[in-house]
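A.B. asks: This is my_file_2.cif (mmCIF, C-alpha atoms).
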data_final
loop_
_atom_site.label_atom_id
_atom_site.label_comp_id
_atom_site.auth_asym_id
_atom_site.auth_seq_id
_atom_site.Cartn_x
_atom_site.Cartn_y
_atom_site.Cartn_z
CA MET A 16 -34.17 -123.81 6.03
CA ASP A 17 -34.83 -127.49 5.26
CA PHE A 18 -37.18 -127.06 2.30
CA ASP A 19 -37.54 -130.81 1.83
CA ALA A 20 -38.88 -131.05 5.39
CA LEU A 21 -41.13 -128.03 4.83
CA TRP A 22 -42.63 -129.54 1.66
CA LEU A 23 -43.03 -132.97 3.27
CA THR A 24 -44.70 -131.52 6.36
CA PHE A 25 -47.29 -129.61 4.35
CA ARG A 26 -47.89 -132.54 2.01
CA LEU A 27 -48.50 -134.76 5.03
CA ALA A 28 -50.74 -132.21 6.77
CA PHE A 29 -52.75 -131.53 3.61
CA THR A 30 -53.32 -135.22 2.81
CA THR A 31 -54.18 -136.00 6.44
CA THR A 32 -56.68 -133.13 6.63
CA ALA A 33 -58.37 -134.02 3.34
CA ILE A 34 -58.80 -137.68 4.32
CA LEU A 35 -59.91 -136.81 7.87
CA LEU A 36 -62.59 -134.42 6.64
CA CYS A 37 -63.95 -137.03 4.22
CA PHE A 38 -64.09 -139.81 6.79
CA GLY A 39 -64.71 -137.49 9.72
CA LEU A 40 -68.05 -136.23 8.39
CA PRO A 41 -69.91 -139.57 8.40
CA LEU A 42 -68.18 -140.59 11.64
CA ALA A 43 -69.17 -137.32 13.30
CA ALA A 44 -72.73 -137.69 12.00
CA TRP A 45 -72.93 -141.14 13.56
CA LEU A 46 -71.47 -139.88 16.84
CA ALA A 47 -73.82 -136.87 16.92
CA TYR A 48 -77.05 -138.48 15.73
CA GLY A 49 -76.60 -142.26 16.05
CA ARG A 50 -78.45 -144.33 18.60
CA SER A 51 -76.10 -147.31 18.76
CA ARG A 52 -75.01 -148.60 22.14
CA LEU A 53 -71.45 -148.67 20.83
CA ARG A 54 -71.37 -144.87 20.67
CA PRO A 55 -69.65 -144.27 24.05
CA LEU A 56 -66.97 -146.77 23.05
CA ALA A 57 -66.43 -145.03 19.71
CA GLN A 58 -66.39 -141.63 21.40
CA ALA A 59 -63.71 -142.79 23.83
CA LEU A 60 -61.63 -144.31 21.03
CA VAL A 61 -61.87 -141.17 18.89
CA ALA A 62 -60.84 -138.97 21.82
CA LEU A 63 -58.02 -141.27 22.96
CA PRO A 64 -55.22 -139.53 20.98
CA LEU A 65 -56.01 -136.34 22.96
CA VAL A 66 -54.66 -137.85 26.17
CA LEU A 67 -52.41 -140.66 24.93
CA PRO A 68 -48.66 -139.94 24.77
CA PRO A 69 -47.91 -139.79 21.01
CA THR A 70 -45.03 -142.19 21.52
CA VAL A 71 -47.46 -144.86 22.76
CA LEU A 72 -49.51 -144.55 19.57
CA GLY A 73 -46.31 -144.53 17.50
CA PHE A 74 -44.97 -147.60 19.28
CA TYR A 75 -48.09 -149.71 18.74
CA LEU A 76 -48.33 -148.65 15.10
CA LEU A 77 -44.67 -149.51 14.63
CA VAL A 78 -45.29 -152.97 16.05
CA LEU A 79 -48.55 -153.46 14.15
CA LEU A 80 -47.14 -152.38 10.80
CA GLY A 81 -43.81 -154.15 11.33
CA PRO A 82 -42.81 -157.68 10.27
CA THR A 83 -43.69 -159.29 13.61
CA THR A 84 -47.49 -159.16 13.10
CA ALA A 85 -49.69 -160.80 10.49
CA VAL A 86 -51.07 -157.40 9.44
CA GLY A 87 -47.56 -156.06 8.96
CA ARG A 88 -46.49 -159.12 6.95
CA VAL A 89 -49.53 -158.90 4.66
CA ILE A 90 -48.86 -155.21 4.03
CA THR A 91 -45.16 -155.81 3.38
CA LYS A 92 -45.99 -158.62 0.96
CA THR A 93 -48.63 -156.55 -0.87
CA LEU A 94 -46.64 -153.33 -1.13
CA GLY A 95 -43.19 -154.85 -1.37
CA HIS A 96 -41.97 -152.78 1.58
CA PRO A 97 -43.07 -152.26 5.19
CA LEU A 98 -45.27 -149.27 5.99
CA ALA A 99 -43.15 -148.20 8.92
CA PHE A 100 -40.49 -145.64 7.97
CA SER A 101 -42.42 -144.56 4.86
CA PHE A 102 -44.65 -141.61 4.01
CA THR A 103 -47.76 -143.84 3.95
CA GLY A 104 -46.95 -145.15 7.42
CA LEU A 105 -46.55 -141.59 8.61
CA LEU A 106 -49.89 -140.73 7.04
CA ILE A 107 -51.64 -143.56 8.93
CA GLY A 108 -50.09 -142.36 12.18
CA SER A 109 -51.14 -138.76 11.48
CA LEU A 110 -54.69 -139.80 10.64
CA LEU A 111 -55.10 -141.52 13.99
CA TYR A 112 -53.24 -138.86 15.93
CA SER A 113 -55.23 -135.92 14.49
CA LEU A 114 -58.59 -137.74 14.34
CA PRO A 115 -60.14 -136.08 17.43
CA PHE A 116 -59.08 -132.62 16.24
CA ALA A 117 -61.13 -133.09 13.07
CA VAL A 118 -64.05 -135.05 14.53
CA GLN A 119 -64.77 -133.19 17.79
CA PRO A 120 -65.55 -129.79 16.17
CA LEU A 121 -67.75 -131.54 13.62
CA VAL A 122 -69.67 -133.39 16.35
CA SER A 123 -70.23 -130.17 18.34
CA GLY A 124 -71.29 -128.37 15.18
CA MET A 125 -73.77 -131.10 14.25
CA MET A 126 -75.19 -131.29 17.75
CA ALA A 127 -75.83 -127.54 17.63
CA VAL A 128 -78.09 -127.96 14.58
CA GLY A 129 -81.55 -128.30 16.11
CA PRO A 130 -83.32 -131.63 15.52
CA GLU A 131 -86.45 -129.71 14.57
CA LEU A 132 -84.73 -128.50 11.38
CA ARG A 133 -83.80 -132.01 10.30
CA GLU A 134 -87.31 -133.19 11.19
CA ALA A 135 -88.95 -130.41 9.19
CA ALA A 136 -86.78 -131.29 6.18
CA ALA A 137 -87.67 -134.98 6.51
CA THR A 138 -91.41 -134.35 6.67
CA LEU A 139 -91.03 -132.22 3.52
CA GLY A 140 -89.81 -135.35 1.76
CA ALA A 141 -86.01 -134.96 1.98
CA ARG A 142 -84.15 -138.26 2.39
CA PRO A 143 -81.38 -138.35 5.04
CA SER A 144 -78.59 -137.68 2.50
CA VAL A 145 -80.45 -134.63 1.18
CA VAL A 146 -81.05 -133.36 4.73
CA PHE A 147 -77.33 -133.74 5.41
CA VAL A 148 -76.21 -131.90 2.28
CA ARG A 149 -78.83 -129.15 2.23
CA VAL A 150 -79.46 -128.50 5.94
CA THR A 151 -76.71 -129.89 8.17
CA MET A 152 -73.64 -129.16 6.00
CA PRO A 153 -74.36 -125.47 5.34
CA LEU A 154 -75.08 -124.93 9.04
CA ILE A 155 -71.81 -126.52 10.22
CA ARG A 156 -69.55 -124.62 7.81
CA PRO A 157 -67.72 -122.79 10.65
CA SER A 158 -67.12 -126.16 12.37
CA LEU A 159 -65.78 -127.60 9.10
CA LEU A 160 -63.26 -124.76 8.89
CA THR A 161 -62.27 -125.24 12.52
CA ALA A 162 -61.90 -129.00 12.02
CA GLY A 163 -59.74 -128.47 8.93
CA ILE A 164 -57.45 -125.91 10.54
CA LEU A 165 -57.02 -127.88 13.78
CA ALA A 166 -56.30 -131.16 11.96
CA PHE A 167 -53.80 -129.41 9.67
CA THR A 168 -51.91 -127.51 12.39
CA HIS A 169 -51.90 -130.49 14.70
CA THR A 170 -50.37 -132.66 11.99
CA VAL A 171 -47.77 -130.00 11.22
CA GLY A 172 -46.82 -129.98 14.90
CA GLU A 173 -46.67 -133.71 15.61
CA PHE A 174 -43.37 -135.13 16.80
CA GLY A 175 -43.65 -138.28 18.88
CA VAL A 176 -45.62 -140.39 16.41
CA VAL A 177 -43.40 -139.30 13.53
CA LEU A 178 -40.21 -140.10 15.37
CA MET A 179 -41.40 -143.54 16.47
CA LEU A 180 -43.04 -144.55 13.23
CA GLY A 181 -41.15 -142.66 10.57
CA GLY A 182 -37.70 -142.22 11.94
CA ASN A 183 -35.78 -139.40 10.32
CA ILE A 184 -35.42 -140.06 6.60
CA PRO A 185 -34.87 -136.86 4.58
CA GLY A 186 -37.57 -136.41 1.94
CA ALA A 187 -39.60 -139.38 3.18
CA THR A 188 -40.30 -138.97 6.87
CA ARG A 189 -38.32 -135.99 8.15
CA THR A 190 -40.90 -133.33 8.99
CA LEU A 191 -40.21 -129.81 10.24
CA SER A 192 -40.50 -130.71 13.91
CA ILE A 193 -37.98 -133.54 13.43
CA ALA A 194 -35.70 -131.22 11.45
CA LEU A 195 -35.84 -128.76 14.35
CA TYR A 196 -34.81 -131.49 16.77
CA ASP A 197 -31.90 -132.40 14.48
CA GLN A 198 -30.78 -128.80 14.14
CA VAL A 199 -30.69 -128.39 17.92
CA ALA A 200 -28.83 -131.69 18.31
CA ASP A 201 -26.23 -130.32 15.83
CA PHE A 202 -25.98 -127.04 17.79
CA ASN A 203 -27.15 -125.21 14.67
CA PHE A 204 -29.23 -122.72 16.66
CA ALA A 205 -29.62 -120.19 13.85
CA ALA A 206 -31.34 -122.77 11.62
CA ALA A 207 -33.32 -124.12 14.59
CA ASN A 208 -34.52 -120.60 15.32
CA ARG A 209 -35.77 -120.14 11.75
CA THR A 210 -37.63 -123.48 11.81
CA ALA A 211 -39.11 -122.85 15.25
CA LEU A 212 -40.17 -119.33 14.33
CA LEU A 213 -41.89 -120.58 11.17
CA LEU A 214 -43.82 -123.25 13.13
CA LEU A 215 -44.75 -120.74 15.82
CA ALA A 216 -45.98 -118.14 13.33
CA PHE A 217 -47.92 -120.72 11.34
CA SER A 218 -49.66 -122.16 14.42
CA PHE A 219 -50.50 -118.73 15.79
CA VAL A 220 -51.94 -117.40 12.52
CA SER A 221 -54.03 -120.58 12.07
CA LEU A 222 -55.54 -120.31 15.52
CA LEU A 223 -56.10 -116.61 15.03
CA LEU A 224 -58.10 -117.46 11.93
CA VAL A 225 -60.22 -120.00 13.83
CA HIS A 226 -60.94 -117.61 16.69
CA TRP A 227 -61.59 -114.70 14.40
CA ARG A 228 -64.16 -116.73 12.50
CA ALA A 229 -65.57 -118.18 15.72
CA GLY A 230 -65.93 -114.69 17.18
CA GLN A 231 -67.68 -113.45 14.06
CA ARG A 232 -70.10 -116.33 13.97
CA SER A 233 -70.25 -116.75 17.75
CA THR A 234 -69.57 -120.46 17.47
CA ARG A 235 -67.48 -122.48 19.86
CA LEU A 236 -63.98 -123.58 18.95
CA VAL A 237 -64.29 -127.27 19.72
CA MET B 13 -119.88 -140.38 6.88
CA SER B 14 -117.15 -141.38 4.43
CA GLU B 15 -114.59 -144.12 4.98
CA PRO B 16 -111.38 -143.18 6.82
CA PHE B 17 -108.43 -142.53 4.47
CA LEU B 18 -105.75 -142.76 7.15
CA TYR B 19 -105.40 -144.82 10.30
CA GLU B 20 -102.58 -144.38 12.75
CA HIS B 21 -102.17 -146.28 15.97
CA VAL B 22 -100.17 -144.26 18.47
CA THR B 23 -98.77 -145.47 21.75
CA ALA B 24 -96.45 -143.38 23.90
CA LYS B 25 -95.57 -142.75 27.49
CA LEU B 26 -95.38 -139.09 28.42
CA ASP B 27 -94.54 -137.71 31.87
CA SER B 28 -97.85 -138.41 33.55
CA ILE B 29 -100.02 -140.06 30.90
CA THR B 30 -99.99 -143.06 28.61
CA ILE B 31 -101.21 -142.43 25.09
CA ASP B 32 -102.89 -145.33 23.36
CA VAL B 33 -105.15 -144.21 20.52
CA THR B 34 -106.09 -145.08 16.99
CA VAL B 35 -106.64 -141.96 14.93
CA ALA B 36 -108.95 -142.41 11.95
CA LEU B 37 -109.18 -139.49 9.53
CA ARG B 38 -112.14 -139.23 7.17
CA SER B 39 -112.87 -135.54 6.84
CA PRO B 40 -111.05 -132.87 4.75
CA TRP B 41 -110.12 -131.04 7.92
CA THR B 42 -109.81 -132.77 11.29
CA VAL B 43 -108.97 -130.99 14.51
CA LEU B 44 -107.26 -132.67 17.44
CA PHE B 45 -108.72 -130.88 20.42
CA GLY B 46 -107.63 -131.13 24.02
CA PRO B 47 -105.88 -129.35 26.88
CA SER B 48 -102.11 -128.96 27.05
CA GLY B 49 -100.40 -132.23 27.84
CA SER B 50 -103.18 -134.42 26.47
CA GLY B 51 -100.82 -135.87 23.85
CA LYS B 52 -101.84 -133.88 20.77
CA SER B 53 -98.34 -133.03 19.55
CA THR B 54 -97.12 -136.57 20.18
CA ILE B 55 -99.89 -137.95 17.98
CA LEU B 56 -99.00 -135.47 15.23
CA ARG B 57 -95.30 -136.40 15.42
CA SER B 58 -96.21 -140.09 15.21
CA ILE B 59 -98.31 -139.57 12.10
CA ALA B 60 -95.47 -137.51 10.55
CA GLY B 61 -93.11 -140.44 11.10
CA LEU B 62 -90.86 -138.74 13.65
CA ARG B 63 -91.37 -141.38 16.32
CA GLY B 64 -90.52 -144.57 14.47
CA GLY B 65 -92.23 -146.70 11.86
CA PRO B 66 -91.76 -145.90 8.16
CA PRO B 67 -89.38 -142.92 7.91
CA ALA B 68 -90.84 -139.41 7.65
CA TRP B 69 -89.42 -138.66 4.19
CA LYS B 70 -91.29 -141.59 2.67
CA ARG B 71 -94.67 -140.67 4.12
CA HIS B 72 -95.41 -137.41 2.28
CA ILE B 73 -97.01 -135.88 5.36
CA PRO B 74 -95.46 -132.44 6.01
CA LEU B 75 -95.64 -131.09 9.56
CA ALA B 76 -95.66 -127.41 10.50
CA SER B 77 -94.61 -127.52 14.13
CA GLN B 78 -95.69 -125.08 16.80
CA GLN B 79 -92.30 -123.37 16.78
CA ALA B 80 -91.64 -122.46 13.15
CA ALA B 81 -88.55 -124.50 12.28
CA LEU B 82 -87.38 -122.46 9.29
CA PHE B 83 -83.99 -123.20 7.76
CA PRO B 84 -81.89 -120.27 8.99
CA HIS B 85 -79.46 -120.34 6.05
CA MET B 86 -82.18 -120.01 3.42
CA THR B 87 -84.37 -117.06 2.52
CA VAL B 88 -88.15 -117.35 2.83
CA ARG B 89 -88.18 -118.24 -0.88
CA GLY B 90 -85.56 -120.94 -0.30
CA ASN B 91 -87.59 -122.35 2.58
CA LEU B 92 -90.74 -122.52 0.47
CA GLU B 93 -88.86 -124.16 -2.41
CA PHE B 94 -87.32 -126.80 -0.15
CA GLY B 95 -90.25 -129.15 -0.38
CA ARG B 96 -90.10 -129.08 -4.14
CA GLU B 97 -90.34 -132.42 -5.86
CA LEU B 98 -89.36 -132.94 -9.46
CA PRO B 99 -91.08 -136.08 -10.60
CA ALA B 100 -90.42 -137.57 -13.98
CA GLY B 101 -92.89 -136.82 -16.73
CA ASP B 102 -94.04 -133.49 -18.05
CA PHE B 103 -91.30 -131.37 -16.58
CA LYS B 104 -92.53 -128.07 -17.98
CA ARG B 105 -96.08 -128.62 -16.78
CA GLU B 106 -94.76 -129.56 -13.33
CA GLN B 107 -92.74 -126.34 -13.24
CA GLU B 108 -95.84 -124.32 -14.09
CA LEU B 109 -98.00 -126.02 -11.48
CA HIS B 110 -95.27 -125.54 -8.92
CA ALA B 111 -94.92 -121.82 -9.72
CA GLU B 112 -98.69 -121.45 -9.56
CA ARG B 113 -98.87 -123.06 -6.14
CA PHE B 114 -95.99 -120.92 -4.92
CA GLN B 115 -97.72 -117.69 -6.00
CA ASP B 116 -100.99 -118.90 -4.55
CA LEU B 117 -99.56 -119.61 -1.12
CA VAL B 118 -97.55 -116.40 -1.08
CA ARG B 119 -100.82 -114.53 -1.68
CA VAL B 120 -102.87 -116.54 0.86
CA PHE B 121 -100.30 -116.04 3.60
CA ARG B 122 -99.37 -112.48 2.56
CA ILE B 123 -95.66 -113.14 2.55
CA GLY B 124 -94.79 -111.55 -0.82
CA GLU B 125 -92.78 -108.82 0.90
CA LEU B 126 -90.77 -111.34 2.89
CA LEU B 127 -89.50 -113.63 0.12
CA ASP B 128 -85.91 -112.37 0.13
CA ARG B 129 -85.58 -112.14 3.90
CA TYR B 130 -83.85 -114.66 6.14
CA PRO B 131 -85.74 -116.22 9.08
CA ALA B 132 -83.73 -114.13 11.56
CA GLN B 133 -85.29 -111.04 9.96
CA LEU B 134 -88.90 -112.21 10.52
CA SER B 135 -91.24 -111.62 13.44
CA GLY B 136 -92.69 -114.65 15.22
CA GLY B 137 -96.01 -114.35 13.43
CA GLN B 138 -94.37 -113.96 10.02
CA ALA B 139 -92.19 -117.02 10.64
CA GLN B 140 -95.27 -119.06 11.56
CA ARG B 141 -97.04 -118.06 8.35
CA VAL B 142 -93.99 -119.03 6.29
CA SER B 143 -93.75 -122.34 8.15
CA VAL B 144 -97.37 -123.25 7.37
CA ALA B 145 -97.00 -122.15 3.75
CA ARG B 146 -93.89 -124.31 3.42
CA ALA B 147 -95.77 -127.35 4.71
CA LEU B 148 -98.42 -126.78 2.04
CA MET B 149 -95.92 -126.49 -0.84
CA PRO B 150 -95.31 -130.19 -1.72
CA ARG B 151 -97.87 -131.14 -4.33
CA TYR B 152 -98.11 -134.83 -3.57
CA SER B 153 -98.79 -134.76 0.16
CA ARG B 154 -101.26 -137.28 1.55
CA LEU B 155 -102.03 -135.07 4.52
CA VAL B 156 -100.73 -131.89 6.13
CA LEU B 157 -100.18 -131.60 9.88
CA LEU B 158 -100.47 -128.22 11.56
CA ASP B 159 -99.51 -127.96 15.23
CA GLU B 160 -101.26 -124.88 16.66
CA PRO B 161 -100.47 -123.10 13.42
CA PHE B 162 -101.41 -119.53 14.22
CA THR B 163 -100.91 -119.25 17.97
CA GLY B 164 -99.79 -115.78 18.93
CA LEU B 165 -101.27 -114.19 15.83
CA GLU B 166 -103.78 -111.40 16.17
CA GLN B 167 -107.29 -112.90 16.42
CA ALA B 168 -108.73 -111.18 13.33
CA LEU B 169 -105.80 -112.17 11.13
CA ARG B 170 -105.84 -115.71 12.51
CA ASP B 171 -109.55 -116.18 11.77
CA GLU B 172 -109.15 -114.80 8.28
CA LEU B 173 -106.14 -117.02 7.56
CA LEU B 174 -107.91 -120.10 8.88
CA LEU B 175 -110.94 -119.54 6.68
CA THR B 176 -108.87 -118.84 3.56
CA LEU B 177 -106.75 -121.88 4.33
CA LYS B 178 -109.81 -124.07 4.80
CA GLN B 179 -111.08 -123.06 1.38
CA TRP B 180 -107.65 -123.42 -0.26
CA THR B 181 -107.03 -126.93 1.10
CA ARG B 182 -110.51 -127.98 0.05
CA GLU B 183 -109.95 -126.70 -3.49
CA HIS B 184 -106.63 -128.54 -3.66
CA ARG B 185 -108.08 -131.70 -2.08
CA LEU B 186 -105.45 -131.62 0.62
CA PRO B 187 -106.58 -133.16 3.91
CA VAL B 188 -105.45 -131.37 7.08
CA LEU B 189 -105.05 -132.52 10.65
CA SER B 190 -104.51 -129.58 12.97
CA VAL B 191 -104.03 -129.30 16.70
CA THR B 192 -105.64 -126.71 18.91
CA HIS B 193 -106.83 -126.10 22.42
CA ASP B 194 -108.90 -123.15 21.23
CA VAL B 195 -112.66 -123.85 20.97
CA THR B 196 -113.37 -120.94 18.61
CA GLU B 197 -110.76 -122.20 16.16
CA ALA B 198 -112.34 -125.67 16.00
CA LEU B 199 -115.84 -124.23 15.62
CA LEU B 200 -114.74 -121.72 13.01
CA LEU B 201 -113.30 -124.47 10.81
CA GLU B 202 -116.49 -126.56 11.04
CA ALA B 203 -114.11 -129.45 11.14
CA GLU B 204 -114.41 -132.97 12.41
CA VAL B 205 -113.11 -132.89 15.96
CA ILE B 206 -111.21 -135.59 17.81
CA LYS B 207 -111.40 -134.72 21.48
CA LEU B 208 -108.53 -135.94 23.62
CA HIS B 209 -108.26 -136.26 27.34
CA GLU B 210 -105.15 -137.61 29.05
CA GLY B 211 -104.03 -139.63 26.09
CA ARG B 212 -107.43 -141.10 25.20
CA ILE B 213 -109.98 -140.17 22.55
CA VAL B 214 -113.15 -139.22 24.42
CA ALA B 215 -115.22 -138.08 21.43
CA GLN B 216 -115.06 -137.77 17.67
CA GLY B 217 -117.51 -136.03 15.33
CA PRO B 218 -118.57 -132.65 13.95
CA ALA B 219 -117.30 -129.68 15.96
CA GLN B 220 -120.80 -128.43 16.81
CA GLU B 221 -121.64 -131.75 18.48
CA VAL B 222 -118.36 -132.73 20.09
CA LEU B 223 -117.68 -129.26 21.43
CA ALA B 224 -121.31 -128.44 22.34
CA GLU B 225 -120.50 -128.11 26.02
CA GLU B 226 -117.44 -125.93 25.43
CA ARG B 227 -119.47 -123.83 23.01
CA LEU B 228 -122.16 -123.16 25.62
CA GLN B 229 -119.55 -122.25 28.19
CA LEU B 230 -117.94 -119.90 25.73
CA LEU B 231 -121.23 -118.22 24.85
CA ARG B 232 -122.09 -117.75 28.53
CA SER B 233 -118.75 -116.18 29.21
CA LEU B 234 -119.12 -113.71 26.36
CA ASP B 235 -120.54 -110.23 26.76
CA GLY B 236 -124.36 -110.51 26.41
CA SER B 237 -124.67 -107.14 24.71
CA ARG B 238 -122.97 -108.46 21.54
CA THR B 239 -124.29 -111.21 19.34
CA PHE B 240 -122.05 -114.05 18.26
CA THR B 241 -122.76 -116.79 15.86
CA LEU B 242 -120.57 -119.70 16.65
#
Turn the structure described in the file into structure tokens.
C.D. replies:
Amino acid sequence: MDFDALWLTFRLAFTTTAILLCFGLPLAAWLAYGRSRLRPLAQALVALPLVLPPTVLGFYLLVLLGPTTAVGRVITKTLGHPLAFSFTGLLIGSLLYSLPFAVQPLVSGMMAVGPELREAAATLGARPSVVFVRVTMPLIRPSLLTAGILAFTHTVGEFGVVLMLGGNIPGATRTLSIALYDQVADFNFAAANRTALLLLAFSFVSLLLVHWRAGQRSTRLV
Amino acid sequence: MSEPFLYEHVTAKLDSITIDVTVALRSPWTVLFGPSGSGKSTILRSIAGLRGGPPAWKRHIPLASQQAALFPHMTVRGNLEFGRELPAGDFKREQELHAERFQDLVRVFRIGELLDRYPAQLSGGQAQRVSVARALMPRYSRLVLLDEPFTGLEQALRDELLLTLKQWTREHRLPVLSVTHDVTEALLLEAEVIKLHEGRIVAQGPAQEVLAEERLQLLRSLDGSRTFTL
């Protein structure tokens, strides 16, 4: 078992999930309750990673963060190294790639909270932030759990973005799914089997948890 | 007649009617009276700040809507406490006044037994009582809006609640604007009545005058063997 890859994968998934939940909440609130005309555009952009080949996303990020663009040059100059082929670069890729898996459950959860509840709270003198914390948040707890689990498992399972953007650097960018690919390429099927089985079991148990909770609370998955 | 303490100009387009009215409130209890679809609820929502203008949370005008919108994740006690404000100043005195008001409303609406229940465990009538009590909890409200507050409640209980509520709001100097299409309710409250028809105000004044015609109709339709004083 490649423990470096295991540790890196979970570190990446954990950081991605934590950041996505923080930024996903206000974004989801805007998508669910906002009245801006730009909403359909934002919705399409958020959902794009669902249908886009991960390699496409990885390719554009590689170009954007590389030395050929102004953005890439500024980043390289500021940090002293390019973001591509580093953990931070991988993190940016994961954030974009797993964005819809965190945001969509939150949007559905928020839309299921009746407007009459938020209105009642407002007429009782609660400012929007108070309404969000005391009414909306407690009512979307199952959606928060779903969003967290989906973002985490999806990040654990990503391959295309990681390969394009991170390459295969042990300890820095080699995640479990890349390690599995390597093991198969080396004909080390016993190790590949252990890695694959771990990923399979982890994904299955996570989804089981989501559905078990969803069944108990009769809420939708996404 | 005293000077109005609240003006609200309301314009809206509903399915078949255009509402364009200026509501002027000058009595402790005002009733918006009119048939279904005459724009009563829209006017209430406008005054509450749910249809634009200054935001609702800054207006201090609680609204108890027709369908009790209780917070499902809070007990009845939690729902009543939601509107609690903690202004600066004499904190202890504020706490006492708050507790007093809480006990008072629990008694008026007879919801003492329900305090630890969740909304899902209440009947429709109980939920409505809690919803109205919750709207009356904030101590610094300028006005309270009640949208058909006791529809579906047994007549005797409804009448009793209305009369107790009328007295309670008067004692606490809390103006009320309620909506009804029930003539007896408006007459019982001896309120000032704003009569609406298809989005326009057709009359405003004491219930006995504005609803004189409806009152006669009602009396005629009642059984002649019993005496009613309406």
A.B. asks: Taking the file as shown, find all residues satisfying the PyMOL selection byres ((chain B and resi 224) around 12) and write them as a list in words.
C.D. replies: Val195, Thr196, Ala198, Leu199, Val205, Lys207, Ala215, Gly217, Pro218, Ala219, Gln220, Glu221, Val222, Leu223, Glu225, Glu226, Arg227, Leu228, Gln229, Leu230, Leu231 and Leu242 of chain B
A.B. asks: Using all atoms listed in the file, which of B:Gly64, B:Gly51, B:Gly95, B:Gly90 sits nearest chain A?
C.D. replies: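 Closest residue, counting all atoms listed in the file: B:Gly95.
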A.B. asks: Between chain B and chain A, at 10 Å or less, what are the per-residue closest atom pairs and their distances in Å? Count all atoms listed in the file, order by chain and rising residue number, and return it as JSON lines.
C.D. replies:
{"residue": "B:Arg57", "atom": "CA", "partner": "A:Glu134", "partner_atom": "CA", "distance": 9.6}
{"residue": "B:Ala60", "atom": "CA", "partner": "A:Thr138", "partner_atom": "CA", "distance": 6.4}
{"residue": "B:Gly61", "atom": "CA", "partner": "A:Thr138", "partner_atom": "CA", "distance": 7.7}
{"residue": "B:Leu62", "atom": "CA", "partner": "A:Glu134", "partner_atom": "CA", "distance": 7.0}
{"residue": "B:Pro67", "atom": "CA", "partner": "A:Ala137", "partner_atom": "CA", "distance": 8.2}
{"residue": "B:Ala68", "atom": "CA", "partner": "A:Thr138", "partner_atom": "CA", "distance": 5.2}
{"residue": "B:Trp69", "atom": "CA", "partner": "A:Gly140", "partner_atom": "CA", "distance": 4.1}
{"residue": "B:Lys70", "atom": "CA", "partner": "A:Gly140", "partner_atom": "CA", "distance": 6.5}
{"residue": "B:Arg71", "atom": "CA", "partner": "A:Thr138", "partner_atom": "CA", "distance": 7.6}
{"residue": "B:His72", "atom": "CA", "partner": "A:Gly140", "partner_atom": "CA", "distance": 6.0}
{"residue": "B:Ile73", "atom": "CA", "partner": "A:Thr138", "partner_atom": "CA", "distance": 6.0}
{"residue": "B:Pro74", "atom": "CA", "partner": "A:Thr138", "partner_atom": "CA", "distance": 4.5}
{"residue": "B:Leu75", "atom": "CA", "partner": "A:Thr138", "partner_atom": "CA", "distance": 6.1}
{"residue": "B:Ala76", "atom": "CA", "partner": "A:Ala135", "partner_atom": "CA", "distance": 7.5}
{"residue": "B:Ser77", "atom": "CA", "partner": "A:Ala135", "partner_atom": "CA", "distance": 8.0}
{"residue": "B:Gln79", "atom": "CA", "partner": "A:Glu131", "partner_atom": "CA", "distance": 8.9}
{"residue": "B:Ala80", "atom": "CA", "partner": "A:Glu131", "partner_atom": "CA", "distance": 9.0}
{"residue": "B:Ala81", "atom": "CA", "partner": "A:Leu132", "partner_atom": "CA", "distance": 5.6}
{"residue": "B:Leu82", "atom": "CA", "partner": "A:Leu132", "partner_atom": "CA", "distance": 6.9}
{"residue": "B:Phe83", "atom": "CA", "partner": "A:Leu132", "partner_atom": "CA", "distance": 6.5}
{"residue": "B:Pro84", "atom": "CA", "partner": "A:Leu154", "partner_atom": "CA", "distance": 8.3}
{"residue": "B:His85", "atom": "CA", "partner": "A:Leu154", "partner_atom": "CA", "distance": 7.0}
{"residue": "B:Met86", "atom": "CA", "partner": "A:Val150", "partner_atom": "CA", "distance": 9.3}
{"residue": "B:Asn91", "atom": "CA", "partner": "A:Ala136", "partner_atom": "CA", "distance": 9.7}
{"residue": "B:Phe94", "atom": "CA", "partner": "A:Leu139", "partner_atom": "CA", "distance": 7.5}
{"residue": "B:Gly95", "atom": "CA", "partner": "A:Leu139", "partner_atom": "CA", "distance": 5.0}
{"residue": "B:Arg96", "atom": "CA", "partner": "A:Leu139", "partner_atom": "CA", "distance": 8.3}
{"residue": "B:Glu97", "atom": "CA", "partner": "A:Gly140", "partner_atom": "CA", "distance": 8.2}
{"residue": "B:Ser143", "atom": "CA", "partner": "A:Ala135", "partner_atom": "CA", "distance": 9.4}
{"residue": "B:Arg146", "atom": "CA", "partner": "A:Leu139", "partner_atom": "CA", "distance": 8.4}
{"residue": "B:Ala147", "atom": "CA", "partner": "A:Leu139", "partner_atom": "CA", "distance": 6.9}
{"residue": "B:Leu148", "atom": "CA", "partner": "A:Leu139", "partner_atom": "CA", "distance": 9.3}
{"residue": "B:Met149", "atom": "CA", "partner": "A:Leu139", "partner_atom": "CA", "distance": 8.7}
{"residue": "B:Pro150", "atom": "CA", "partner": "A:Leu139", "partner_atom": "CA", "distance": 7.1}
{"residue": "B:Tyr152", "atom": "CA", "partner": "A:Gly140", "partner_atom": "CA", "distance": 9.9}
{"residue": "B:Ser153", "atom": "CA", "partner": "A:Leu139", "partner_atom": "CA", "distance": 8.8}
{"residue": "B:Val156", "atom": "CA", "partner": "A:Thr138", "partner_atom": "CA", "distance": 9.7}
{"residue": "B:Leu157", "atom": "CA", "partner": "A:Thr138", "partner_atom": "CA", "distance": 9.7}
